[in-house]
Amino acid sequence: MQIKLIKGHGSGNDFLIIDEISNGYAFTEKERADLAKLLCNRQSELGADGILFVMQSENADGRMRVFNADGSEASMCGNGLRLVARYVCEQLGRSKAVIETMKANLKVSKQMELEKDIHTYQVEISPVLFELKALPLNLNKPTLYNERIEELSEDLRFTALAVPNPHLIAIVETEQLQGDLQNQLSEKVNGPNELFPDGVNVSFVKHLQPGNIYVRTYERGVGFTNACGTAMSASTLVTCLHGLNTFEEVVNVFNNGGRVQCVVHQNEGKYTIDLIGNATYLYNATVNVDLEQGAFTVSSKMELMEQSSYEKFQSEAQRYLKTEIKG
Ligand SMILES: N[C@@H](CCC[C@H](N)C(=O)O)C(=O)O
């Protein structure tokens with residue numbers, strides 16, 4: 001089969017966007033999972049952290065389904081939703097839309113550019129759930145807030161939440177960012193294990209100056225990525241709950257792929273988070289895929305010339321991070 005796609009990224013978390021509506025594709029569930037495994041393979045000519053399938057919605061302006069590089073489906077993807085927001089808004093000629101995701105219809109909108117020539121979108125991250133059964137996390141308690149998990153670490157304190165994909169978050173010091181600790185415990189909770197039967201996204205968060213944090217995430221179904229939008233949103237909420245940041249105020253979230261902004265809203269004990277950041281396109285491509293053979297070729301590729309503006313923005317973020325963390 002021949003498939004048209006766009007490769008893009010949000011904070012260097014890169015995705016293949018496949019529009020099933022305009023192209024009239026009707027993939028089976030197995031085909032979507034197989035396409036993710038095949039096309040996201042980093043050894044191949046494309047490679048990505050996942051595929052965003054854009055589909056028709058009965059009750060919103062479009063629908064997003066997210067498949068991780070290992071073929072598993074995720075309930076939500078913050079960086080990916082910014083790309084889908086841009087795609088759907090541009091298709092409809094609008095600056096706002098509502099996108100159906102697995103568990104919620106979410107508001108998205110075009111925003112003032114974070115820097116010159118950087119397409120910037122805001123997406124709603126919601127619902128936020130602290131009940132351990134929402135992740136799921138098998139512990140004999142209803143929630144986990146800033147507590148130890150003895151099977152994972154003697155020192156770290158974790159908070160677990162679903163937004164609504166599952167996240168395990170630890171606020172750490174610079175020394176804990178160095179070494180292999182995050183990798184080791186992430187592999188443990190994303191392999192066969194009793195605590196997190198469905199795996200979990202694991203983030204280490206370092207508080208920088210007031211209003212500024214750094215987040216590094218090991219993503220379920222992928223491994224370490226440059227950034228994870230839902231993780232950055234969930235981490236910002238955790239820092240607000242710890243009193244390190246302030247509800248309703250913009251927090252700059254630095255990551256290995258750049259910087260986003262998050263604002264946490266609190267209303268009658270419920271939280272929602274705005275995630276604001278780039279939605280950068282890299283290229284359009286057409287691929288010929290043979291799923292039976294597990295092979296594909298790229299028959300055309302057109303670079304979209306947006307990345308050089310993003311790289312300037314990213315190097316500023318990396319310079320700041322270097323002074324704050326790497327010394
Ligand atoms: N990178 C995404 C999250 C993608 C899904 C995640 N790996 C999961 O399985 O929950 C983001 O930007 O939020």
# chains A, B, ... in the order shown; residues from 1 in each chain; ligands from 1
>>> residues_near_ligand(ligand="ligand 1", cutoff="8 Å", atoms="only C-alpha atoms and all ligand atoms", output="JSON list (two decimals) with C-alpha atoms, in the first residue's frame")
[["chain", "number", "residue", "atom", "x", "y", "z"],
["A", 10, "GLY", "CA", 6.90, 18.79, 19.33],
["A", 13, "ASN", "CA", 9.43, 14.24, 20.26],
["A", 49, "ASP", "CA", 8.68, 8.03, 18.52],
["A", 50, "GLY", "CA", 5.19, 7.17, 17.29],
["A", 66, "VAL", "CA", -1.50, 7.54, 19.05],
["A", 67, "PHE", "CA", 0.62, 4.46, 18.54],
["A", 68, "ASN", "CA", 4.00, 4.19, 20.25],
["A", 72, "SER", "CA", 1.17, -0.20, 21.65],
["A", 73, "GLU", "CA", -1.61, 2.37, 21.67],
["A", 74, "ALA", "CA", -1.46, 5.30, 24.14],
["A", 75, "SER", "CA", -4.53, 7.06, 25.49],
["A", 76, "MET", "CA", -2.97, 10.48, 25.05],
["A", 77, "CYS", "CA", 0.05, 12.33, 23.70],
["A", 78, "GLY", "CA", 0.62, 16.00, 24.48],
["A", 79, "ASN", "CA", 3.37, 16.80, 21.98],
["A", 80, "GLY", "CA", 1.54, 14.80, 19.33],
["A", 81, "LEU", "CA", -1.72, 16.60, 20.03],
["A", 165, "ASN", "CA", -1.94, 8.18, 30.23],
["A", 166, "PRO", "CA", 0.08, 6.91, 33.20],
["A", 167, "HIS", "CA", 2.99, 8.83, 34.75],
["A", 199, "GLY", "CA", 3.92, 0.02, 31.98],
["A", 200, "VAL", "CA", 4.30, 3.71, 32.83],
["A", 201, "ASN", "CA", 6.04, 6.88, 31.62],
["A", 219, "GLU", "CA", 8.43, 6.82, 27.69],
["A", 220, "ARG", "CA", 6.45, 3.65, 27.86],
["A", 221, "GLY", "CA", 6.57, 1.92, 24.47],
["A", 222, "VAL", "CA", 9.54, 3.99, 23.26],
["A", 225, "THR", "CA", 12.59, 10.63, 24.17],
["A", 227, "ALA", "CA", 10.44, 15.27, 25.56],
["A", 228, "CYS", "CA", 7.01, 13.99, 26.52],
["A", 229, "GLY", "CA", 4.17, 16.53, 26.57],
["A", 230, "THR", "CA", 1.89, 14.75, 29.00],
["A", 231, "ALA", "CA", 4.88, 14.09, 31.29],
["A", 232, "MET", "CA", 5.86, 17.78, 31.27]]
>>> residues_around(residues="Thr272 in chain A", least_positions_apart="2", cutoff="9 Å", atoms="only C-alpha atoms", output="VMD selection string")
chain A and resid 124 to 128 163 237 263 to 267 270 274
>>> write_last_selection(atoms="N, CA and C atoms", output="PDB file, in the first residue's frame")
ATOM      1  N   GLU A 124      -5.129  21.158  25.575  1.00  0.00           N
ATOM      2  CA  GLU A 124      -5.649  20.896  26.927  1.00  0.00           C
ATOM      3  C   GLU A 124      -5.208  19.496  27.352  1.00  0.00           C
ATOM      4  N   ILE A 125      -4.685  19.391  28.570  1.00  0.00           N
ATOM      5  CA  ILE A 125      -4.317  18.076  29.113  1.00  0.00           C
ATOM      6  C   ILE A 125      -5.308  17.778  30.231  1.00  0.00           C
ATOM      7  N   SER A 126      -6.123  16.784  30.021  1.00  0.00           N
ATOM      8  CA  SER A 126      -7.242  16.483  30.918  1.00  0.00           C
ATOM      9  C   SER A 126      -7.869  15.158  30.453  1.00  0.00           C
ATOM     10  N   PRO A 127      -8.465  14.385  31.325  1.00  0.00           N
ATOM     11  CA  PRO A 127      -8.629  14.538  32.751  1.00  0.00           C
ATOM     12  C   PRO A 127      -7.338  14.171  33.505  1.00  0.00           C
ATOM     13  N   VAL A 128      -7.240  14.678  34.731  1.00  0.00           N
ATOM     14  CA  VAL A 128      -6.109  14.355  35.606  1.00  0.00           C
ATOM     15  C   VAL A 128      -6.639  13.467  36.728  1.00  0.00           C
ATOM     16  N   VAL A 163      -2.917  11.264  33.060  1.00  0.00           N
ATOM     17  CA  VAL A 163      -3.409  12.525  32.473  1.00  0.00           C
ATOM     18  C   VAL A 163      -3.970  12.373  31.047  1.00  0.00           C
ATOM     19  N   LEU A 237       2.284  20.034  37.249  1.00  0.00           N
ATOM     20  CA  LEU A 237       1.257  19.931  38.293  1.00  0.00           C
ATOM     21  C   LEU A 237       1.885  19.469  39.616  1.00  0.00           C
ATOM     22  N   VAL A 263       0.600  25.679  32.090  1.00  0.00           N
ATOM     23  CA  VAL A 263      -0.155  26.427  33.105  1.00  0.00           C
ATOM     24  C   VAL A 263      -1.126  25.424  33.738  1.00  0.00           C
ATOM     25  N   VAL A 264      -1.074  25.329  35.068  1.00  0.00           N
ATOM     26  CA  VAL A 264      -1.961  24.375  35.755  1.00  0.00           C
ATOM     27  C   VAL A 264      -3.155  25.136  36.322  1.00  0.00           C
ATOM     28  N   HIS A 265      -4.343  24.698  35.997  1.00  0.00           N
ATOM     29  CA  HIS A 265      -5.570  25.303  36.519  1.00  0.00           C
ATOM     30  C   HIS A 265      -6.167  24.370  37.573  1.00  0.00           C
ATOM     31  N   GLN A 266      -6.695  25.013  38.613  1.00  0.00           N
ATOM     32  CA  GLN A 266      -7.280  24.258  39.721  1.00  0.00           C
ATOM     33  C   GLN A 266      -8.696  24.777  39.871  1.00  0.00           C
ATOM     34  N   ASN A 267      -9.661  23.868  39.802  1.00  0.00           N
ATOM     35  CA  ASN A 267     -11.044  24.317  39.912  1.00  0.00           C
ATOM     36  C   ASN A 267     -11.852  23.267  40.657  1.00  0.00           C
ATOM     37  N   LYS A 270     -10.398  19.927  40.975  1.00  0.00           N
ATOM     38  CA  LYS A 270     -10.018  19.237  39.730  1.00  0.00           C
ATOM     39  C   LYS A 270      -8.930  20.048  39.033  1.00  0.00           C
ATOM     40  N   ASP A 274      -2.722  23.471  30.634  1.00  0.00           N
ATOM     41  CA  ASP A 274      -2.492  23.930  29.256  1.00  0.00           C
ATOM     42  C   ASP A 274      -1.043  23.614  28.919  1.00  0.00           C
TER      43      ASP A 274
END
>>> closest_residue(among="A:Ser309, A:Gln43, A:Asn138, A:Thr246", to="Pro197 in chain A", atoms="only C-alpha atoms")
A:Asn138
>>> closest_residue(among="A:Phe15, A:Ala134, A:Lys107, A:Gly277", to="Asn252 in chain A", atoms="only C-alpha atoms")
A:Gly277
>>> residues_around(residues="Val88 in chain A", least_positions_apart="2", cutoff="10 Å", atoms="only C-alpha atoms", output="VMD selection string")
chain A and resid 19 54 61 to 63 82 to 86 90 to 99 108
>>> closest_residue(among="A:Gln2, A:Leu46, A:Ser11, A:Leu137", to="Ser315 in chain A", atoms="only C-alpha atoms")
A:Ser11
>>> residues_around(residues="Leu39 in chain A", least_positions_apart="6", cutoff="10 Å", atoms="only C-alpha atoms", output="list in words")
Leu16, Glu45, Leu46, Gly47, Ala48, Asp49, Gly50, Ile51, Ala69, Val287, Val289, Gly294, Ala295, Phe296 and Thr297 of chain A
>>> residues_around(residues="Leu321 in chain A", least_positions_apart="3", cutoff="10 Å", atoms="only C-alpha atoms", output="PyMOL selection string")
chain A and resi 208+213-214+254-256+258+315-318+324-327
>>> write_last_selection(atoms="N, CA and C atoms", output="compact mmCIF listing (two decimals), in the first residue's frame")
# COMPACT_ATOMS: atom_id res chain seq x y z
N LEU A 208 14.47 24.30 38.65
CA LEU A 208 15.57 25.21 38.33
C LEU A 208 15.32 26.50 39.11
N ILE A 213 11.43 24.56 35.20
CA ILE A 213 11.81 23.19 35.59
C ILE A 213 12.42 22.48 34.38
N TYR A 214 13.11 21.37 34.67
CA TYR A 214 13.64 20.50 33.61
C TYR A 214 12.99 19.13 33.80
N PHE A 254 11.77 23.01 30.52
CA PHE A 254 12.90 22.71 29.64
C PHE A 254 12.99 21.19 29.50
N ASN A 255 13.41 20.79 28.31
CA ASN A 255 13.54 19.35 28.04
C ASN A 255 14.71 19.18 27.09
N ASN A 256 15.04 17.94 26.75
CA ASN A 256 16.22 17.76 25.89
C ASN A 256 15.96 18.19 24.45
N GLY A 258 14.04 21.07 23.75
CA GLY A 258 13.66 22.49 23.68
C GLY A 258 12.96 22.95 24.94
N SER A 315 18.60 25.80 20.69
CA SER A 315 19.93 26.04 21.26
C SER A 315 19.88 27.04 22.41
N GLU A 316 18.96 28.00 22.34
CA GLU A 316 18.82 28.91 23.50
C GLU A 316 18.42 28.13 24.75
N ALA A 317 17.44 27.22 24.56
CA ALA A 317 16.99 26.41 25.70
C ALA A 317 18.14 25.56 26.25
N GLN A 318 18.92 24.99 25.35
CA GLN A 318 20.02 24.12 25.80
C GLN A 318 21.10 24.93 26.52
N GLU A 324 22.26 25.86 34.10
CA GLU A 324 21.48 25.51 35.30
C GLU A 324 21.76 24.12 35.83
N ILE A 325 22.00 23.16 34.93
CA ILE A 325 22.15 21.79 35.41
C ILE A 325 23.53 21.24 35.14
N LYS A 326 23.96 21.46 33.91
CA LYS A 326 25.19 20.71 33.56
C LYS A 326 26.41 21.51 34.03
N GLY A 327 26.21 22.75 34.49
CA GLY A 327 27.30 23.54 35.05
C GLY A 327 28.17 24.10 33.96
>>> closest_residue(among="A:Thr28, A:Arg42, A:Tyr271, A:Glu113", to="Leu241 in chain A", atoms="only C-alpha atoms")
A:Tyr271
>>> atom_distance(atom1="CA of Glu194 in chain A", atom2="CA of Gly179 in chain A")
25.4 Å
>>> residues_around(residues="Asp117 in chain A", least_positions_apart="3", cutoff="12 Å", atoms="only C-alpha atoms", output="ChimeraX atom specification")
/A:112-114,120,278-281,305-313
>>> write_last_selection(atoms="N, CA and C atoms", output="compact mmCIF listing (two decimals), in the first residue's frame")
# COMPACT_ATOMS: atom_id res chain seq x y z
N MET A 112 0.26 32.69 19.91
CA MET A 112 1.35 33.55 19.47
C MET A 112 2.64 32.73 19.45
N GLU A 113 3.46 32.94 18.44
CA GLU A 113 4.68 32.12 18.30
C GLU A 113 5.60 32.29 19.51
N LEU A 114 6.11 31.17 20.03
CA LEU A 114 7.06 31.22 21.15
C LEU A 114 8.32 31.96 20.73
N THR A 120 3.07 27.59 16.92
CA THR A 120 2.87 27.33 18.35
C THR A 120 1.39 27.02 18.63
N ASN A 278 5.82 24.16 20.42
CA ASN A 278 5.93 24.12 18.95
C ASN A 278 5.19 22.94 18.34
N ALA A 279 4.83 23.14 17.08
CA ALA A 279 4.30 22.04 16.25
C ALA A 279 5.01 22.21 14.91
N THR A 280 6.16 21.57 14.80
CA THR A 280 7.07 21.82 13.67
C THR A 280 7.00 20.67 12.67
N TYR A 281 6.82 21.01 11.40
CA TYR A 281 6.83 19.98 10.36
C TYR A 281 8.24 19.85 9.79
N MET A 305 11.40 22.91 5.51
CA MET A 305 12.19 24.11 5.86
C MET A 305 11.76 24.84 7.14
N GLU A 306 11.22 24.13 8.11
CA GLU A 306 10.82 24.82 9.35
C GLU A 306 11.83 24.60 10.47
N GLN A 307 12.71 23.61 10.27
CA GLN A 307 13.53 23.16 11.38
C GLN A 307 14.61 24.17 11.77
N SER A 308 15.10 24.97 10.80
CA SER A 308 16.22 25.87 11.15
C SER A 308 15.76 26.91 12.18
N SER A 309 14.52 27.41 12.08
CA SER A 309 14.04 28.36 13.11
C SER A 309 13.95 27.65 14.45
N TYR A 310 13.48 26.38 14.42
CA TYR A 310 13.34 25.66 15.68
C TYR A 310 14.70 25.44 16.33
N GLU A 311 15.72 25.17 15.49
CA GLU A 311 17.05 24.88 16.06
C GLU A 311 17.61 26.06 16.84
N LYS A 312 17.31 27.29 16.37
CA LYS A 312 17.79 28.48 17.10
C LYS A 312 17.14 28.52 18.48
N PHE A 313 15.83 28.26 18.50
CA PHE A 313 15.06 28.26 19.75
C PHE A 313 15.60 27.17 20.69
>>> closest_residue(among="A:Ser203, A:Val238, A:Leu52, A:Ile169", to="Asp14 in chain A", atoms="only C-alpha atoms")
A:Leu52
